[in-house]
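Here the structure is laid out as structure tokens; the discussion comes afterwards.
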2 protein chains.
Amino acid sequence: MQSFDLDKTDLLRIKTALEADDAELEKVLKEYHASEIALLFEQLEQEDKERIINILPTDVASEVLSEMDEEHSPGELLLNLHPEKRTEIVEELDYDDATDIISQLDEDEQQEILEDIDADDASSIRALLNYAEDTAGGLMNSELIKVNIRLDKKEALDEIIRQSEEMEEFYTIYVVDDADTLQGILSIKDVIKAHADAKVSDLVKRDPVYVRAELDQEEVARLISQYNLTTIPVVDDHMKLLGRVTVDDIIDVMEQENTEDILKISGVSEDEELSGNWKDAVKSRLPWLVINLATAYLAASVIRHFDDTVSQVKGIAAYMTIIAGMGGNAATQALAVTVRRISLSNLTDSQAYNTVLKEFLVGMLNGAANGLVVFCIALFYDANPMLGLVLFLAMTGNLIIAGITGASIPLVLKRVGIDPAVASSIIITTFTDCAGFLLPLYLATKLLLKH
Amino acid sequence: MQSFDLDKTDLLRIKTALEADDAELEKVLKEYHASEIALLFEQLEQEDKERIINILPTDVASEVLSEMDEEHSPGELLLNLHPEKRTEIVEELDYDDATDIISQLDEDEQQEILEDIDADDASSIRALLNYAEDTAGGLMNSELIKVNIRLDKKEALDEIIRQSEEMEEFYTIYVVDDADTLQGILSIKDVIKAHADAKVSDLVKRDPVYVRAELDQEEVARLISQYNLTTIPVVDDHMKLLGRVTVDDIIDVMEQENTEDILKISGVSEDEELSGNWKDAVKSRLPWLVINLATAYLAASVIRHFDDTVSQVKGIAAYMTIIAGMGGNAATQALAVTVRRISLSNLTDSQAYNTVLKEFLVGMLNGAANGLVVFCIALFYDANPMLGLVLFLAMTGNLIIAGITGASIPLVLKRVGIDPAVASSIIITTFTDCAGFLLPLYLATKLLLKH
């Protein structure tokens with residue numbers, strides 16, 4: 001299969017095939033990977049999706065459902081299928097994927113699906129439904145390969161092959177004792193290459209990195225990325241092995257966390273669906289804009305306080321908007337660098353202190369550089385050196401405030417346990433707007449107005 | 001190993017151990033994972049890092065170097081080691097990691113390192129040095145397990161075990177013909193479970209997803225994520241197998257691309273190092289601020305054009321900053337959602353059209369909602385219904401402009417092949433600033449001034 005992007009032609013082909021009979025549709029569908037069909041689903045009607053799922057072989061159909069974005073409601077689709085087909089698909093799904101899909105439904109609907117399937121599968125899925133979606137427990141899969149530490153090589157290999165019957169892929173074998181307590185890990189390679197009389201207890205690598213089921217998924221992603229793991233075992237408080245999180249699940253988590261970061265920092269609610277409709281977008285963004293309106297009035301009240309200065313100092317109304325705007329942009333720069341840095345690693349106190357100090361310095365230098373430009377323009381265009389001085393000082397001051405707030409507010413939020421990305425530019429620019437109006441107007445009043 | 005974060009205590013322990021003798025230092029180092037040592041290196045002096053690398057066993061030392069962030073110059077560190085130790089480390093490194101580290105150095109320095117090592121390794125690394133760092137070729141590792149399609153099960157298994165001697169991990173076995181042309185893939189499980197008389201040609205899965213060496217790494221990441229792969233084969237124009245990219249390399253790429261996105265959208269040069277010093281930060285941000293200064297003058301010139309209106313209509317100077325600021329924030333919201341959406345999937349023309357239409361609607365509704373608030377305040381606080389009307393119209397108009405520019409500019413940039421994230425808020429807010437001043441001032445001049 002050549003790797004290429006889907007385009008309109010593909011959508012058109014599927015739509016044309018949907019008008020033909022099942023045999024023709026089946027033939028066309030065969031040319032697409034499950035994840036491609038999941039993408040195409042975003043642009044099809046509900047009834048067409050159901051027809052396609054019914055035609056696809058169960059293993060492909062279940063993969064399509066697990067590949068669909070949550071926002072396109074695979075749960076809904078699953079629920080509407082014929083109960084027999086639905087049961088086949090749920091039993092084919094990995095437990096973690098089945099749980100993700102089913103968790104979108106009401107409790108009654110969950111019940112309806114689960115009572116039809118194999119009792120063992122149902123109880124595994126019910127157990128997973130108890131974990132919060134964004135924790136290690138919600139992310140993990142309870143299907144894994146484990147061998148008892150007492151086995152010898154031959155027994156272990158048989159056991160691995162037996163357990164792998166039902167699994168798509170496995171990279172790591174977990175070693176447990178009789179109480180299912182995690183003892184260590186093994187690679188399949190270690191077992192294949194071992195001497196015939198080797199025992200699992202000789203081969204096991206002890207002290208693996210593990211996580212508890214309650215750990216936040218962002219932390220799980222950070223560990224997997226930091227230790228270059230392909231899979232991480234999940235345990236309970238007594239070190240009992242519950243499941244494993246694999247690196248491919250982490251990629252989705254990272255995409256999601258990164259989307260949330262970029263949205264939050266831009267003043268959009270983190271749960272706005274990127275391809276959602278206008279109603280959701282208004283609901284997600286209007287509250288932030290109303291907060292911004294309130295803070296903008298705060299900044300504007302500064303201007304009103306200096307009404308005389310505004311009408312008497314020619315050009316100051318224009319200049320103050322420049323200084324406020326520059327402050328807002330400088331603060332956004334400092335904010336982006338700091339938020340991103342925090343999300344990649346936890347900063348020590350001295351690193352945090354140095355970050356704020358650095359942003360103070362950067363703000364002062366960038367402020368002075370831009371202040372100088374503004375000074376020169378006031379000097380040569382307005383022929384008013386005192387106005388130039390006012391603007392130079394205001395620009396430098398506001399960019400220092402921008403650097404300090406842009407860096408310190410997310411750091412303080414992180415310290416008190418609030419997500420630093422909510423220090424969105426809307427919050428930060430309140431400071432730079434107020435200071436951006438106050439500094440030039442106050443200085444102009446003192447230095448330029450005749451009293 | 002319990003999974004925990006490093007803190008000051010760890011740094012202190014290492015620093016104390018550095019004052020003791022080698023035996024004590026070695027003992028302390030044993031308690032840390034290579035990636036943890038790489039993190040601690042960020043806060044150590046050059047000479048301490050060299051001493052630690054010299055003490056560590058070669059396999060751990062090479063892992064530490066490959067885990068170090070590029071911005072902390074592992075290349076420099078490698079270069080300064082004793083040539084013998086250096087050679088051991090380079091030969092231990094995976095080719096892709098060795099290439100990443102060596103590519104940071106000057107050509108002379110690269111030469112110096114490469115001429116000491118095994119000729120085969122050197123030529124493999126030289127080949128990799130030819131690919132641009134941010135392409136599939138620059139990301140791939142040329143060490144992989146491959147079997148000829150003519151082999152039978154026994155031969156294949158022997159071959160896999162022989163080739164895996166030197167490899168840390170492998171999940172996928174590549175099947176090639178005599179000319180090394182990629183034929184398909186196999187999993188180790190397929191081989192183990194096959195009948196004794198099975199042939200590779202029976203077991204091979206044909207039509208795997210593959211990429212060419214020149215493909216941009218962001219696309220590679222998208223494919224691996226979309227198809228849920230753990231590894232993707234890299235081929236040349238004649239389908240000859242060159243290497244493979246593994247999912248753990250992709251995690252680093254994703255972190256990096258996401259950092260670049262969030263920085264660019266906030267008006268910071270994408271290559272600013274998050275933990276870089278103030279000099280780099282000034283160099284990276286000042287150009288954007290100067291561009292912003294120029295565009296701010298453009299917006300300010302709108303205000304100067306209406307000097308009479310500003311001094312005659314009480315409060316308009318304050319109100320126009322509110323309208324411009326609200327536009328800026330609404331544009332940033334639309335921009336963030338659109339940029340993120342583009343970076344997760346390519347939009348079809350009709351999806352792009354619908355996105356702009358949606359943002360138009362959202363802008364109009366959010367504009368009208370906030371416009372109504374501003375109208376009421378003008379009505380009750382300023383007792384000036386005509387001013388209220390001016391502000392209502394200006395707010396609605398500016399938020400419509402915000403929505404349309406925030407969505408369409410990144411989409412247009414993407415179409416003409418420019419990274420959509422450079423449509424940073426600095427560029428977008430130029431539109432909303434100009435319109436945010438022009439609309440209220442123009443309307444106030446027409447509707448409120450006595451002519």
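Chain lettering (A, B, ...) mirrors the order of the structure tokens, residue numbering begins at 1 for each chain separately, and ligand numbering begins at 1 in order of display.
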All residues 12 Å or closer to Lys85 (chain A), only C-alpha atoms, same chain fewer than 5 positions away omitted, as number ranges by chain: A: 50-51, 53-59, 61-62, 77-80, 90-92, 113, 116-117
What's the 12 Å shell around Gly315 (chain B), counting only C-alpha atoms, without same-chain residues fewer than 5 positions away, as a ChimeraX atom specification? /A:297,300-308,310-311,317 /B:309-310,320-322,377-378,381-384,387-388,391,440-441,444
Go ahead and save the picked residues with N, CA and C atoms, as a short mmCIF file (atom, residue, chain, number, x, y, z; two decimals), in the first residue's frame.
```cif
data_model
loop_
_atom_site.label_atom_id
_atom_site.label_comp_id
_atom_site.auth_asym_id
_atom_site.auth_seq_id
_atom_site.Cartn_x
_atom_site.Cartn_y
_atom_site.Cartn_z
N TYR A 297 -12.74 46.48 29.73
CA TYR A 297 -13.32 47.67 30.37
C TYR A 297 -12.42 48.18 31.47
N ALA A 300 -9.85 49.98 29.72
CA ALA A 300 -10.41 51.20 29.14
C ALA A 300 -10.69 52.25 30.21
N SER A 301 -11.00 51.78 31.44
CA SER A 301 -11.27 52.75 32.51
C SER A 301 -10.00 53.55 32.82
N VAL A 302 -8.84 52.94 32.58
CA VAL A 302 -7.58 53.67 32.72
C VAL A 302 -7.57 54.86 31.75
N ILE A 303 -7.99 54.59 30.50
CA ILE A 303 -7.99 55.65 29.49
C ILE A 303 -8.96 56.76 29.89
N ARG A 304 -10.16 56.36 30.34
CA ARG A 304 -11.17 57.35 30.71
C ARG A 304 -10.67 58.25 31.84
N HIS A 305 -9.87 57.66 32.71
CA HIS A 305 -9.32 58.43 33.82
C HIS A 305 -8.43 59.56 33.31
N PHE A 306 -7.86 59.38 32.12
CA PHE A 306 -6.94 60.38 31.56
C PHE A 306 -7.56 61.10 30.36
N ASP A 307 -8.89 61.27 30.38
CA ASP A 307 -9.58 61.88 29.25
C ASP A 307 -8.95 63.19 28.78
N ASP A 308 -8.54 64.03 29.75
CA ASP A 308 -7.94 65.32 29.40
C ASP A 308 -6.65 65.12 28.62
N VAL A 310 -5.77 62.57 26.87
CA VAL A 310 -6.05 62.03 25.54
C VAL A 310 -6.42 63.14 24.57
N SER A 311 -7.27 64.09 25.02
CA SER A 311 -7.70 65.11 24.05
C SER A 311 -6.65 66.22 23.90
N ALA A 317 -3.34 58.99 21.82
CA ALA A 317 -4.34 57.92 21.71
C ALA A 317 -3.86 56.83 20.76
N THR B 309 -12.28 63.23 15.63
CA THR B 309 -13.30 62.39 16.24
C THR B 309 -12.85 61.96 17.64
N VAL B 310 -11.57 61.56 17.74
CA VAL B 310 -11.05 61.10 19.03
C VAL B 310 -11.20 62.20 20.08
N MET B 320 -12.69 52.21 21.45
CA MET B 320 -12.07 51.58 20.27
C MET B 320 -11.01 50.56 20.68
N THR B 321 -10.32 50.81 21.83
CA THR B 321 -9.32 49.80 22.25
C THR B 321 -10.01 48.51 22.66
N ILE B 322 -11.23 48.65 23.24
CA ILE B 322 -11.97 47.44 23.62
C ILE B 322 -12.34 46.64 22.37
N ILE B 377 -24.09 49.30 27.94
CA ILE B 377 -23.26 50.15 28.79
C ILE B 377 -23.27 51.59 28.26
N ALA B 378 -23.17 51.74 26.92
CA ALA B 378 -23.19 53.08 26.34
C ALA B 378 -24.54 53.75 26.60
N TYR B 381 -24.71 53.96 30.90
CA TYR B 381 -23.62 54.67 31.58
C TYR B 381 -23.34 56.01 30.88
N ASP B 382 -23.23 55.95 29.53
CA ASP B 382 -22.94 57.18 28.80
C ASP B 382 -24.22 57.91 28.38
N ALA B 383 -25.36 57.26 28.56
CA ALA B 383 -26.66 57.83 28.14
C ALA B 383 -26.61 58.31 26.70
N ASN B 384 -26.02 57.49 25.84
CA ASN B 384 -25.81 57.90 24.45
C ASN B 384 -26.16 56.74 23.53
N LEU B 387 -24.10 56.37 20.29
CA LEU B 387 -22.78 55.79 20.54
C LEU B 387 -22.92 54.28 20.71
N GLY B 388 -23.96 53.87 21.42
CA GLY B 388 -24.21 52.44 21.61
C GLY B 388 -24.37 51.73 20.27
N LEU B 391 -21.06 51.37 18.55
CA LEU B 391 -20.22 50.33 19.15
C LEU B 391 -20.74 48.93 18.84
N PRO B 440 -15.22 51.74 14.60
CA PRO B 440 -15.88 52.68 15.53
C PRO B 440 -15.61 54.14 15.18
N LEU B 441 -14.39 54.44 14.72
CA LEU B 441 -14.07 55.85 14.44
C LEU B 441 -14.83 56.35 13.21
N ALA B 444 -18.48 56.58 14.16
CA ALA B 444 -18.68 57.71 15.07
C ALA B 444 -18.63 59.03 14.31
#
```
Using only C-alpha atoms, which protein or nucleic acid residues come within 7 Å of Tyr174 (chain B)? Drop anything in the same chain fewer than 6 positions from it, and give the result as a ChimeraX atom specification. /B:145-147,184-186
Selection from above, all heavy atoms, as a tab-separated table (two decimals), in the first residue's frame, can you write it?
```
chain	number	residue	atom	x	y	z
B	145	ILE	N	15.71	-5.88	11.02
B	145	ILE	CA	15.76	-7.32	10.74
B	145	ILE	C	15.06	-7.58	9.43
B	145	ILE	O	13.90	-7.19	9.27
B	145	ILE	CB	15.11	-8.10	11.88
B	145	ILE	CG1	15.95	-7.88	13.14
B	145	ILE	CG2	14.99	-9.57	11.53
B	145	ILE	CD1	15.68	-8.86	14.23
B	146	LYS	N	15.77	-8.18	8.49
B	146	LYS	CA	15.10	-8.51	7.24
B	146	LYS	C	15.42	-9.94	6.84
B	146	LYS	O	16.50	-10.44	7.12
B	146	LYS	CB	15.49	-7.53	6.13
B	146	LYS	CG	16.95	-7.46	5.80
B	146	LYS	CD	17.24	-6.41	4.74
B	146	LYS	CE	18.73	-6.30	4.51
B	146	LYS	NZ	19.09	-5.16	3.66
B	147	VAL	N	14.45	-10.59	6.20
B	147	VAL	CA	14.67	-11.95	5.73
B	147	VAL	C	14.30	-12.01	4.25
B	147	VAL	O	13.44	-11.25	3.78
B	147	VAL	CB	13.81	-12.98	6.50
B	147	VAL	CG1	14.23	-13.05	7.95
B	147	VAL	CG2	12.34	-12.67	6.37
B	184	GLY	N	7.20	-7.01	1.84
B	184	GLY	CA	6.14	-7.04	2.83
B	184	GLY	C	6.72	-7.11	4.21
B	184	GLY	O	7.92	-6.89	4.40
B	185	ILE	N	5.85	-7.39	5.21
B	185	ILE	CA	6.33	-7.49	6.58
B	185	ILE	C	5.84	-8.79	7.21
B	185	ILE	O	4.95	-9.46	6.69
B	185	ILE	CB	5.85	-6.29	7.44
B	185	ILE	CG1	4.33	-6.18	7.40
B	185	ILE	CG2	6.48	-5.00	6.98
B	185	ILE	CD1	3.76	-5.19	8.37
B	186	LEU	N	6.43	-9.11	8.33
B	186	LEU	CA	6.15	-10.31	9.09
B	186	LEU	C	6.24	-9.94	10.55
B	186	LEU	O	7.04	-9.07	10.91
B	186	LEU	CB	7.29	-11.30	8.86
B	186	LEU	CG	7.15	-12.44	7.89
B	186	LEU	CD1	8.39	-13.30	8.01
B	186	LEU	CD2	5.92	-13.26	8.23
```
Within 8 Å of region 281-295 of chain A, which residues of region 396-432 of chain A show up? Give each one with its shortest atom-to-atom distance in Å (one decimal) and the two atoms involved, counting only C-alpha atoms, rows by chain then rising residue number, as a Markdown table.
```
| residue | atom | partner | partner_atom | distance |
| --- | --- | --- | --- | --- |
| A:Ile426 | CA | A:Asn292 | CA | 6.1 |
| A:Ile427 | CA | A:Asn292 | CA | 7.7 |
| A:Thr430 | CA | A:Thr295 | CA | 5.9 |
```
How about saving the chosen residues, C-alpha atoms kept, as a PDB file, in the first residue's frame?
```
ATOM      1  CA  ILE A 426      -6.665  36.731  27.448  1.00  0.00           C
ATOM      2  CA  ILE A 427      -5.635  36.740  31.119  1.00  0.00           C
ATOM      3  CA  THR A 430      -5.143  42.261  30.787  1.00  0.00           C
TER       4      THR A 430
END
```
Picked from region 250-393 of chain B by DSSP as helix (DSSP H, G or I), as number ranges by chain: B: 250-265, 278-305, 307-312, 316-344, 349-380, 385-393
Looking only at strand (DSSP E) from DSSP on the backbone, list the matching residues of region 106-342 of chain B as a list in words.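 Going through region 106-342 of chain B, the strand (DSSP E) residues come out as Lys146, Val147, Asn148, Thr172, Ile173, Tyr174, Val175, Val176, Leu182, Gln183, Gly184, Ile185, Leu186, Ser187, Val211, Arg212, Thr231, Ile232, Pro233, Val234, Val235, Leu241, Leu242, Gly243, Arg244, Val245 and Thr246 of chain B.
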Residues of the last selection are to be written out with N, CA, C and O atoms, as an mmCIF file, in the first residue's frame.
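So out.cif came out as:
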```cif
data_model
loop_
_atom_site.group_PDB
_atom_site.id
_atom_site.type_symbol
_atom_site.label_atom_id
_atom_site.label_comp_id
_atom_site.auth_asym_id
_atom_site.auth_seq_id
_atom_site.Cartn_x
_atom_site.Cartn_y
_atom_site.Cartn_z
ATOM 1 N N LYS B 146 15.767 -8.179 8.490
ATOM 2 C CA LYS B 146 15.100 -8.506 7.236
ATOM 3 C C LYS B 146 15.415 -9.940 6.843
ATOM 4 O O LYS B 146 16.496 -10.438 7.120
ATOM 5 N N VAL B 147 14.455 -10.585 6.205
ATOM 6 C CA VAL B 147 14.666 -11.953 5.725
ATOM 7 C C VAL B 147 14.298 -12.007 4.249
ATOM 8 O O VAL B 147 13.444 -11.250 3.785
ATOM 9 N N ASN B 148 14.967 -12.889 3.524
ATOM 10 C CA ASN B 148 14.662 -13.040 2.113
ATOM 11 C C ASN B 148 13.371 -13.831 1.967
ATOM 12 O O ASN B 148 13.112 -14.779 2.720
ATOM 13 N N THR B 172 8.990 -5.800 14.082
ATOM 14 C CA THR B 172 8.566 -6.148 12.753
ATOM 15 C C THR B 172 9.766 -6.652 11.975
ATOM 16 O O THR B 172 10.857 -6.123 12.119
ATOM 17 N N ILE B 173 9.535 -7.695 11.184
ATOM 18 C CA ILE B 173 10.584 -8.221 10.337
ATOM 19 C C ILE B 173 10.231 -7.856 8.904
ATOM 20 O O ILE B 173 9.092 -8.029 8.480
ATOM 21 N N TYR B 174 11.206 -7.307 8.191
ATOM 22 C CA TYR B 174 10.944 -6.880 6.820
ATOM 23 C C TYR B 174 11.313 -7.994 5.860
ATOM 24 O O TYR B 174 12.347 -8.637 6.016
ATOM 25 N N VAL B 175 10.481 -8.198 4.870
ATOM 26 C CA VAL B 175 10.717 -9.245 3.883
ATOM 27 C C VAL B 175 11.149 -8.580 2.579
ATOM 28 O O VAL B 175 10.482 -7.661 2.100
ATOM 29 N N VAL B 176 12.300 -9.026 2.044
ATOM 30 C CA VAL B 176 12.829 -8.429 0.818
ATOM 31 C C VAL B 176 13.135 -9.530 -0.193
ATOM 32 O O VAL B 176 13.214 -10.698 0.158
ATOM 33 N N LEU B 182 11.549 -4.084 -1.032
ATOM 34 C CA LEU B 182 10.584 -4.395 0.023
ATOM 35 C C LEU B 182 9.408 -5.199 -0.543
ATOM 36 O O LEU B 182 8.748 -4.779 -1.485
ATOM 37 N N GLN B 183 9.161 -6.373 0.046
ATOM 38 C CA GLN B 183 8.065 -7.226 -0.406
ATOM 39 C C GLN B 183 6.897 -7.225 0.565
ATOM 40 O O GLN B 183 5.761 -7.435 0.183
ATOM 41 N N GLY B 184 7.203 -7.010 1.839
ATOM 42 C CA GLY B 184 6.136 -7.044 2.826
ATOM 43 C C GLY B 184 6.719 -7.113 4.214
ATOM 44 O O GLY B 184 7.920 -6.895 4.397
ATOM 45 N N ILE B 185 5.855 -7.388 5.205
ATOM 46 C CA ILE B 185 6.325 -7.491 6.577
ATOM 47 C C ILE B 185 5.840 -8.785 7.212
ATOM 48 O O ILE B 185 4.952 -9.461 6.689
ATOM 49 N N LEU B 186 6.434 -9.106 8.330
ATOM 50 C CA LEU B 186 6.150 -10.307 9.088
ATOM 51 C C LEU B 186 6.242 -9.936 10.551
ATOM 52 O O LEU B 186 7.036 -9.066 10.908
ATOM 53 N N SER B 187 5.470 -10.600 11.412
ATOM 54 C CA SER B 187 5.739 -10.391 12.829
ATOM 55 C C SER B 187 6.444 -11.642 13.340
ATOM 56 O O SER B 187 6.290 -12.724 12.789
ATOM 57 N N VAL B 211 7.282 4.673 3.543
ATOM 58 C CA VAL B 211 7.545 6.062 3.166
ATOM 59 C C VAL B 211 8.864 6.148 2.417
ATOM 60 O O VAL B 211 9.729 5.296 2.574
ATOM 61 N N ARG B 212 8.991 7.182 1.586
ATOM 62 C CA ARG B 212 10.266 7.438 0.935
ATOM 63 C C ARG B 212 11.144 8.278 1.852
ATOM 64 O O ARG B 212 10.646 9.024 2.696
ATOM 65 N N THR B 231 6.277 0.850 13.709
ATOM 66 C CA THR B 231 7.471 1.047 12.904
ATOM 67 C C THR B 231 7.044 1.176 11.443
ATOM 68 O O THR B 231 6.027 0.613 11.050
ATOM 69 N N ILE B 232 7.772 1.972 10.668
ATOM 70 C CA ILE B 232 7.397 2.152 9.272
ATOM 71 C C ILE B 232 8.658 1.998 8.432
ATOM 72 O O ILE B 232 9.706 2.544 8.772
ATOM 73 N N PRO B 233 8.610 1.203 7.319
ATOM 74 C CA PRO B 233 9.807 1.027 6.505
ATOM 75 C C PRO B 233 10.065 2.245 5.608
ATOM 76 O O PRO B 233 9.128 2.888 5.157
ATOM 77 N N VAL B 234 11.352 2.533 5.395
ATOM 78 C CA VAL B 234 11.748 3.655 4.549
ATOM 79 C C VAL B 234 12.416 3.091 3.295
ATOM 80 O O VAL B 234 13.297 2.244 3.393
ATOM 81 N N VAL B 235 11.965 3.542 2.115
ATOM 82 C CA VAL B 235 12.490 2.990 0.864
ATOM 83 C C VAL B 235 13.002 4.106 -0.034
ATOM 84 O O VAL B 235 12.708 5.277 0.191
ATOM 85 N N LEU B 241 14.744 -1.240 0.282
ATOM 86 C CA LEU B 241 14.592 -0.972 1.720
ATOM 87 C C LEU B 241 15.835 -0.277 2.270
ATOM 88 O O LEU B 241 16.951 -0.788 2.166
ATOM 89 N N LEU B 242 15.643 0.921 2.842
ATOM 90 C CA LEU B 242 16.777 1.679 3.378
ATOM 91 C C LEU B 242 16.865 1.606 4.893
ATOM 92 O O LEU B 242 17.951 1.618 5.453
ATOM 93 N N GLY B 243 15.732 1.530 5.556
ATOM 94 C CA GLY B 243 15.737 1.531 7.016
ATOM 95 C C GLY B 243 14.320 1.576 7.527
ATOM 96 O O GLY B 243 13.377 1.349 6.780
ATOM 97 N N ARG B 244 14.204 1.856 8.813
ATOM 98 C CA ARG B 244 12.869 1.927 9.407
ATOM 99 C C ARG B 244 12.826 3.082 10.399
ATOM 100 O O ARG B 244 13.842 3.444 10.990
ATOM 101 N N VAL B 245 11.654 3.650 10.567
ATOM 102 C CA VAL B 245 11.446 4.667 11.599
ATOM 103 C C VAL B 245 10.578 4.025 12.667
ATOM 104 O O VAL B 245 9.569 3.400 12.350
ATOM 105 N N THR B 246 10.994 4.137 13.939
ATOM 106 C CA THR B 246 10.218 3.511 15.004
ATOM 107 C C THR B 246 9.404 4.557 15.764
ATOM 108 O O THR B 246 9.716 5.740 15.744
#
```
Do you know which residues are at most 12 Å from Gln256 (chain A) counting only C-alpha atoms, after dropping those on the same chain fewer than 2 positions away, and could you put them as a PyMOL selection string? (chain A and resi 69-70+134+217-218+221+249-254+258-263+270-274) or (chain B and resi 254+258+340-341+344)
Name the residues in contact with Ala324 (chain B) at a cut-off of 6 Å, using only C-alpha atoms, excluding same-chain residues fewer than 5 positions from it; report them as a count of residues only. 3
Which of these residues is nearest to Ala394 (chain B), using only C-alpha atoms: B:Tyr319, B:Lys153, B:Leu44, B:Val412?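 Between B:Tyr319, B:Lys153, B:Leu44, B:Val412, the residue approaching Ala394 (chain B) most closely is B:Tyr319.
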Could you give me, as a ChimeraX atom specification, the residues within 8 Å of Asp197 (chain B), counting only C-alpha atoms and dropping anything in the same chain fewer than 2 positions from it? /B:152-153,195,199
Between B:Leu335, B:Val64, B:Val422, B:Ala369, which one has atoms that come closest to Gly406 (chain B), using only C-alpha atoms?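 Between B:Leu335, B:Val64, B:Val422, B:Ala369, the residue approaching Gly406 (chain B) most closely is B:Leu335.
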Quick one: residues within 12 Å of Ser123 (chain B), only C-alpha atoms counted, chain neighbours fewer than 4 positions away excluded, as JSON, numbers by chain? {"B": [95, 99, 111, 114, 115, 116, 117, 118, 119, 127, 128, 129, 130, 142]}
From the list B:Glu84, B:Glu109, B:Asp180, B:Asp190, which residue is nearest chain A when using only C-alpha atoms? B:Asp190
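Shortest separation to chain A among B:Tyr227, B:Tyr32, B:Phe41, B:Phe431 occurs at residue B:Tyr227, atoms counted being only C-alpha atoms.
For the choices B:Leu361, B:Ile428, B:Leu25, B:Ile89, the atom-to-atom distance to chain A is smallest for B:Leu361 when using only C-alpha atoms.
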Atom pair CA of Gly325 (chain B) + CA of Ala296 (chain A), distance 7.3 Å
